[in-house]
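What follows is a set of notes on a single structure, which appears directly below.
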Amino acid sequence: MASVVEYKGLKAGYHCGYCDSEEGKVSCGMWAHSMTVQDYQDLIDRGWRRSGKYVYKPVMNQTCCPQYTIRCRPLQFQPSKSHKKVLKKMLKFLAKGEISKGNYEDDPMEPTMEDTVAGDFGLINKLDIQCDLKTLSGDLTESFDSEEKKKGKSPKKGESNEVIQSQDIEEKLGSGEPSHPVKMPMAPKPGKGADLSKPPCRKAKEIRKERKRLKLMQQNPAGELEGFQAQGEPPSLFPPKASKSNQPKSLEDLIFESLPENASHKLEVRVVRSSPPSSQFKATFQESYQVYKRYQMVIHKDPPDKPTVSQFTRFLCSSPLEAENPPNGPDCGYGSFHQQYWLDGRIIAVGVIDILPYCVSSVYLYYDPDYSFLSLGVYSALREIAFTRQLHQKTSQLSYYYMGFYIHSCPKMKYKGQYRPSDLLCPETYVWVPIEQCLPSLENSKYCRFNQDPEAADEGRSKDPDRLQVFHKKAIMPYGVYKKQQKDPGEEATVLQYARLVGQACSERMLLFRN
């Protein structure tokens with residue numbers, strides 16, 4: 001199924017949740033009826049981001065708080081001192097029930113700002129009602145079927161049971177059956193220059209170590225894969241290294257350090273598909289929502305009537321992403337998931353994530369405020385980095401962890417820059433630039449072009465808008481044909497603005513719904 005989007009245009013002069021300016025925020029947005037994971041991957045690599053089914057892109061040189069897409073490189077990630085402290089604090093708590101003293105409320109690395117479209121609840125609720133037209137999906141299916149017939153293909157049969165299959169995979173993971181054998185990254189083909197955008201090749205020794213570590217994780221007696229890991233079940237997952245190797249402990253060593261048999265607490269992390277909702281997601285929905293409600297009320301000071309079930313569903317459960325389960329993809333498939341943290345049989349935190357072809361993208365985190373002392377914002381980010389490393393073992397191109405937006409001008413959002421190495425996306429040429437090279441410029445100016453080459457242009461820009469795909473009156477047609485039928489002078493400006501923002505590749509694959 002192709003992505004279907006409804007472009008809503010520019011929205012300026014509304015409230016910003018970062019600097020509290022009443023009308024400083026400027027962004028462009030579209031409602032995504034459905035979206036393939038590849039299209040969304042390409043869009044976030046052009047500075048877009050989703051909140052529920054609303055996909056938006058800040059107008060960087062106009063908005064009050066420019067939001068730069070940030071990604072961490074998990075394969076080279078080294079936990080900092082403060083990261084290690086958080087992991088040790090968790091281990092102490094699990095092992096002995098110890099709660100360490102200290103002011104954890106103001107942990108500078110704790111995300112306390114919503115990373116959604118602040119002040120956009122009203123807009124999104126309105127769009128949800130306007131746009132989620134049942135008829136649209138009917139029209140679409142109809143036009144796809146007729147397209148397929150024209151090409152002499154019959155519409156795919158297996159599509160409806162894909163959902164069920166993805167749930168079976170989750171159930172399998174939960175039951176502790178071994179996952180598929182690990183596939184290692186392919187060596188680059190001879191004659192091709194090194195691709196600097198890809199992580200450097202690793203030494204065979206490192207790959208062997210990584211393989212061994214993964215094997216140990218899979219032999220965990222609890223039989224629980226990431227997603228479904230018991231924390232520190234005996235015997236030790238990672239026996240202490242011999243003293244001769246003076247290497248620092250890896251992130252996995254720190255997370256999965258073994259716990260005593262009589263440990264005070266048991267932590268388990270489960271990955272459940274949120275869209276379309278799996279059976280586990282449905283079974284835990286109410287408990288998960290209650291955690292969200294308390295989080296919004298205590299941490300974000302929402303009044304009790306604000307975090308409703310429908311707000312929770314629209315922002316954190318609804319997703320336009322189509323579930324995909326290709327054989328070479330991750331065992332859980334691609335799409336939208338909730339990563340649930342279960343402590344002694346109850347949910348204490350949930351990380352909302354998207355699993356895409358090249359990355360795990362973090363959407364939101366909410367947690368039970370009673371467990372603030374565990375610095376769950378930092379802990380969950382470290383677990384998501386480890387999860388990305390684990391998915392990379394089978395799906396080698398999946399090697400980045402996207403943390404949403406980095407806002408240099410907002411002190412509370414700067415914590416994201418502390419997961420190194422990381423890169424920021426140049427807002428003009430859409431190339432990734434190491435954060436260290438960006439920070440000096442950001443100290444001088446809120447808005448910066450990070451690409452130092454003045455000649456460089458946006459390689460993925462829209463070069464031929466006539467090839468853009470339009471979905472109009474139950475028919476799919478190139479923009480070149482559609483524009484001949486149009487009288488409205490504003491229509492061309494809107495469509496060209498959309499084309500410029502999504503780039504050529506997405507404009508040719510996605511269907512732009514016009515009525």
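Following the order of the structure tokens, first chain is A, next is B, and so on, with residues numbered from 1 inside each chain and ligands from 1 in the order they appear.
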
Could you pull out the alpha helix (DSSP H) residues of stretch 289-332 of chain A from DSSP and send them as a list of chain:residue names?
->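 Going through stretch 289-332 of chain A, the alpha helix (DSSP H) residues come out as A:Tyr289, A:Gln290, A:Val291, A:Tyr292, A:Lys293, A:Arg294, A:Tyr295, A:Gln296, A:Met297, A:Val298, A:Val309, A:Ser310, A:Gln311, A:Phe312.
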
Could the residues in this selection be written to a file with all heavy atoms, as a compact mmCIF listing (two decimals), in the first residue's frame?
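As a result, result05.txt now contains:
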# COMPACT_ATOMS: atom_id res chain seq x y z
N TYR A 289 -2.24 3.28 30.10
CA TYR A 289 -2.87 4.61 30.08
C TYR A 289 -2.83 5.26 31.47
O TYR A 289 -2.56 6.46 31.61
CB TYR A 289 -4.32 4.51 29.58
CG TYR A 289 -5.14 5.73 29.93
CD1 TYR A 289 -4.83 6.99 29.38
CD2 TYR A 289 -6.20 5.66 30.83
CE1 TYR A 289 -5.57 8.12 29.72
CE2 TYR A 289 -6.94 6.78 31.18
CZ TYR A 289 -6.62 8.01 30.63
OH TYR A 289 -7.32 9.13 30.98
N GLN A 290 -3.05 4.46 32.51
CA GLN A 290 -3.03 5.01 33.87
C GLN A 290 -1.65 5.57 34.23
O GLN A 290 -1.54 6.59 34.90
CB GLN A 290 -3.46 3.95 34.91
CG GLN A 290 -4.94 3.55 34.84
CD GLN A 290 -5.90 4.74 35.00
OE1 GLN A 290 -5.60 5.73 35.65
NE2 GLN A 290 -7.08 4.64 34.37
N VAL A 291 -0.60 4.89 33.75
CA VAL A 291 0.76 5.39 33.98
C VAL A 291 0.94 6.74 33.27
O VAL A 291 1.45 7.70 33.83
CB VAL A 291 1.83 4.37 33.49
CG1 VAL A 291 3.24 4.95 33.62
CG2 VAL A 291 1.73 3.07 34.27
N TYR A 292 0.46 6.80 32.01
CA TYR A 292 0.55 8.04 31.22
C TYR A 292 -0.19 9.19 31.93
O TYR A 292 0.32 10.30 32.05
CB TYR A 292 -0.08 7.80 29.84
CG TYR A 292 -0.34 9.06 29.05
CD1 TYR A 292 0.71 9.76 28.43
CD2 TYR A 292 -1.63 9.58 28.93
CE1 TYR A 292 0.47 10.92 27.71
CE2 TYR A 292 -1.88 10.74 28.22
CZ TYR A 292 -0.83 11.41 27.61
OH TYR A 292 -1.06 12.57 26.91
N LYS A 293 -1.39 8.89 32.44
CA LYS A 293 -2.21 9.91 33.07
C LYS A 293 -1.49 10.50 34.29
O LYS A 293 -1.41 11.72 34.47
CB LYS A 293 -3.56 9.31 33.46
CG LYS A 293 -4.55 10.33 33.99
CD LYS A 293 -5.93 9.74 34.21
CE LYS A 293 -6.85 10.82 34.80
NZ LYS A 293 -8.23 10.35 34.91
N ARG A 294 -0.95 9.62 35.13
CA ARG A 294 -0.23 10.09 36.33
C ARG A 294 1.00 10.89 35.93
O ARG A 294 1.34 11.91 36.54
CB ARG A 294 0.18 8.91 37.22
CG ARG A 294 -0.99 8.25 37.93
CD ARG A 294 -0.53 7.50 39.17
NE ARG A 294 0.11 8.39 40.13
CZ ARG A 294 1.23 8.08 40.81
NH1 ARG A 294 1.81 6.92 40.64
NH2 ARG A 294 1.75 8.94 41.65
N TYR A 295 1.70 10.42 34.90
CA TYR A 295 2.90 11.11 34.43
C TYR A 295 2.56 12.54 33.99
O TYR A 295 3.21 13.50 34.37
CB TYR A 295 3.52 10.33 33.27
CG TYR A 295 4.66 11.04 32.59
CD1 TYR A 295 5.94 11.06 33.15
CD2 TYR A 295 4.48 11.69 31.36
CE1 TYR A 295 6.98 11.72 32.53
CE2 TYR A 295 5.52 12.35 30.74
CZ TYR A 295 6.78 12.36 31.32
OH TYR A 295 7.82 13.02 30.70
N GLN A 296 1.51 12.67 33.17
CA GLN A 296 1.13 14.00 32.67
C GLN A 296 0.70 14.92 33.82
O GLN A 296 1.00 16.11 33.81
CB GLN A 296 -0.01 13.87 31.64
CG GLN A 296 0.39 13.22 30.33
CD GLN A 296 1.45 14.00 29.54
OE1 GLN A 296 2.52 13.51 29.23
NE2 GLN A 296 1.14 15.24 29.23
N MET A 297 0.00 14.36 34.80
CA MET A 297 -0.50 15.19 35.90
C MET A 297 0.63 15.61 36.85
O MET A 297 0.70 16.77 37.26
CB MET A 297 -1.59 14.44 36.68
CG MET A 297 -2.92 14.41 35.92
SD MET A 297 -4.08 13.17 36.54
CE MET A 297 -4.26 13.66 38.24
N VAL A 298 1.52 14.68 37.17
CA VAL A 298 2.57 14.99 38.16
C VAL A 298 3.75 15.71 37.51
O VAL A 298 4.22 16.73 38.00
CB VAL A 298 3.05 13.70 38.89
CG1 VAL A 298 4.18 14.00 39.85
CG2 VAL A 298 1.87 13.05 39.61
N VAL A 309 -8.34 9.30 27.58
CA VAL A 309 -8.01 8.11 26.80
C VAL A 309 -7.87 8.49 25.33
O VAL A 309 -6.96 8.01 24.64
CB VAL A 309 -9.11 7.02 26.95
CG1 VAL A 309 -8.92 5.90 25.94
CG2 VAL A 309 -9.07 6.45 28.36
N SER A 310 -8.72 9.41 24.84
CA SER A 310 -8.65 9.71 23.41
C SER A 310 -7.40 10.52 23.08
O SER A 310 -6.78 10.34 22.05
CB SER A 310 -9.94 10.40 22.92
OG SER A 310 -9.85 11.79 23.08
N GLN A 311 -6.96 11.40 24.00
CA GLN A 311 -5.72 12.14 23.77
C GLN A 311 -4.53 11.18 23.75
O GLN A 311 -3.66 11.25 22.88
CB GLN A 311 -5.55 13.20 24.88
CG GLN A 311 -4.38 14.13 24.61
CD GLN A 311 -3.61 14.45 25.88
OE1 GLN A 311 -3.13 13.53 26.56
NE2 GLN A 311 -3.51 15.71 26.20
N PHE A 312 -4.51 10.26 24.71
CA PHE A 312 -3.46 9.24 24.80
C PHE A 312 -3.41 8.42 23.51
O PHE A 312 -2.35 8.19 22.93
CB PHE A 312 -3.76 8.35 26.01
CG PHE A 312 -2.89 7.12 26.13
CD1 PHE A 312 -1.51 7.23 26.33
CD2 PHE A 312 -3.45 5.85 26.06
CE1 PHE A 312 -0.72 6.09 26.45
CE2 PHE A 312 -2.66 4.71 26.18
CZ PHE A 312 -1.29 4.83 26.38

Shortest interatomic distance to A:Ile70 - which of A:Ser462, A:Ser258, A:Thr395, A:Ser361, counting only C-alpha atoms | A:Ser361

Which of A:Val269, A:Leu374, A:Ala32, A:Ala499 sits closest to A:Ile347 [using only C-alpha atoms] | A:Val269

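Proximity of A:Leu91, A:Val431, A:Leu496, A:Leu468 to A:Lys266, computed with only C-alpha atoms, is greatest for A:Leu91.
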
Residue set, stretch 225-448 of chain A restricted to strand (DSSP E), as an mmCIF file with C-alpha atoms, in the first residue's frame:
data_model
loop_
_atom_site.group_PDB
_atom_site.id
_atom_site.type_symbol
_atom_site.label_atom_id
_atom_site.label_comp_id
_atom_site.auth_asym_id
_atom_site.auth_seq_id
_atom_site.Cartn_x
_atom_site.Cartn_y
_atom_site.Cartn_z
ATOM 1 C CA GLN A 229 14.460 -9.513 28.942
ATOM 2 C CA ALA A 230 14.401 -10.423 32.534
ATOM 3 C CA LEU A 267 12.697 -5.844 35.749
ATOM 4 C CA GLU A 268 11.509 -7.010 32.356
ATOM 5 C CA VAL A 269 11.311 -5.035 29.104
ATOM 6 C CA ARG A 270 8.683 -6.045 26.533
ATOM 7 C CA VAL A 271 8.202 -4.736 23.023
ATOM 8 C CA VAL A 272 4.559 -4.781 21.915
ATOM 9 C CA ARG A 273 3.219 -3.587 18.580
ATOM 10 C CA SER A 274 0.940 -0.594 19.129
ATOM 11 C CA SER A 275 -0.307 -0.139 15.561
ATOM 12 C CA GLY A 335 6.393 -0.022 12.447
ATOM 13 C CA SER A 336 5.205 1.502 15.735
ATOM 14 C CA PHE A 337 5.718 -0.126 19.146
ATOM 15 C CA HIS A 338 5.499 0.453 22.882
ATOM 16 C CA GLN A 339 8.502 -0.724 24.879
ATOM 17 C CA GLN A 340 7.056 -1.541 28.286
ATOM 18 C CA TYR A 341 9.147 -1.642 31.473
ATOM 19 C CA TRP A 342 7.659 -4.156 33.905
ATOM 20 C CA LEU A 343 8.850 -4.037 37.502
ATOM 21 C CA ARG A 346 3.498 -3.989 36.813
ATOM 22 C CA ILE A 347 4.238 -1.332 34.182
ATOM 23 C CA ILE A 348 6.390 1.515 35.504
ATOM 24 C CA ALA A 349 7.414 3.138 32.196
ATOM 25 C CA VAL A 350 6.690 3.015 28.474
ATOM 26 C CA GLY A 351 8.951 4.143 25.635
ATOM 27 C CA VAL A 352 7.002 4.854 22.444
ATOM 28 C CA ILE A 353 9.218 3.976 19.459
ATOM 29 C CA ASP A 354 9.145 3.516 15.694
ATOM 30 C CA ILE A 355 11.326 0.818 14.131
ATOM 31 C CA CYS A 359 16.924 3.393 12.818
ATOM 32 C CA VAL A 360 14.967 3.129 16.016
ATOM 33 C CA SER A 361 13.189 6.468 16.391
ATOM 34 C CA SER A 362 12.181 7.549 19.891
ATOM 35 C CA VAL A 363 8.732 9.173 19.978
ATOM 36 C CA TYR A 364 7.957 9.721 23.685
ATOM 37 C CA LEU A 365 8.522 8.326 27.159
ATOM 38 C CA TYR A 366 6.137 8.336 30.098
ATOM 39 C CA TYR A 367 6.697 6.731 33.499
ATOM 40 C CA TYR A 400 21.052 4.605 14.233
ATOM 41 C CA TYR A 401 19.017 5.845 17.181
ATOM 42 C CA TYR A 402 16.986 9.002 16.436
ATOM 43 C CA MET A 403 16.182 11.079 19.505
ATOM 44 C CA GLY A 404 13.713 13.480 17.905
ATOM 45 C CA PHE A 405 14.668 17.145 17.966
ATOM 46 C CA TYR A 406 17.642 18.860 19.586
ATOM 47 C CA SER A 422 25.780 12.007 17.609
ATOM 48 C CA ASP A 423 24.952 14.084 14.541
ATOM 49 C CA LEU A 424 22.608 16.951 13.718
ATOM 50 C CA LEU A 425 20.802 17.286 10.393
ATOM 51 C CA TRP A 432 24.428 14.736 8.905
ATOM 52 C CA VAL A 433 27.130 16.711 10.726
ATOM 53 C CA PRO A 434 28.821 15.589 13.984
#
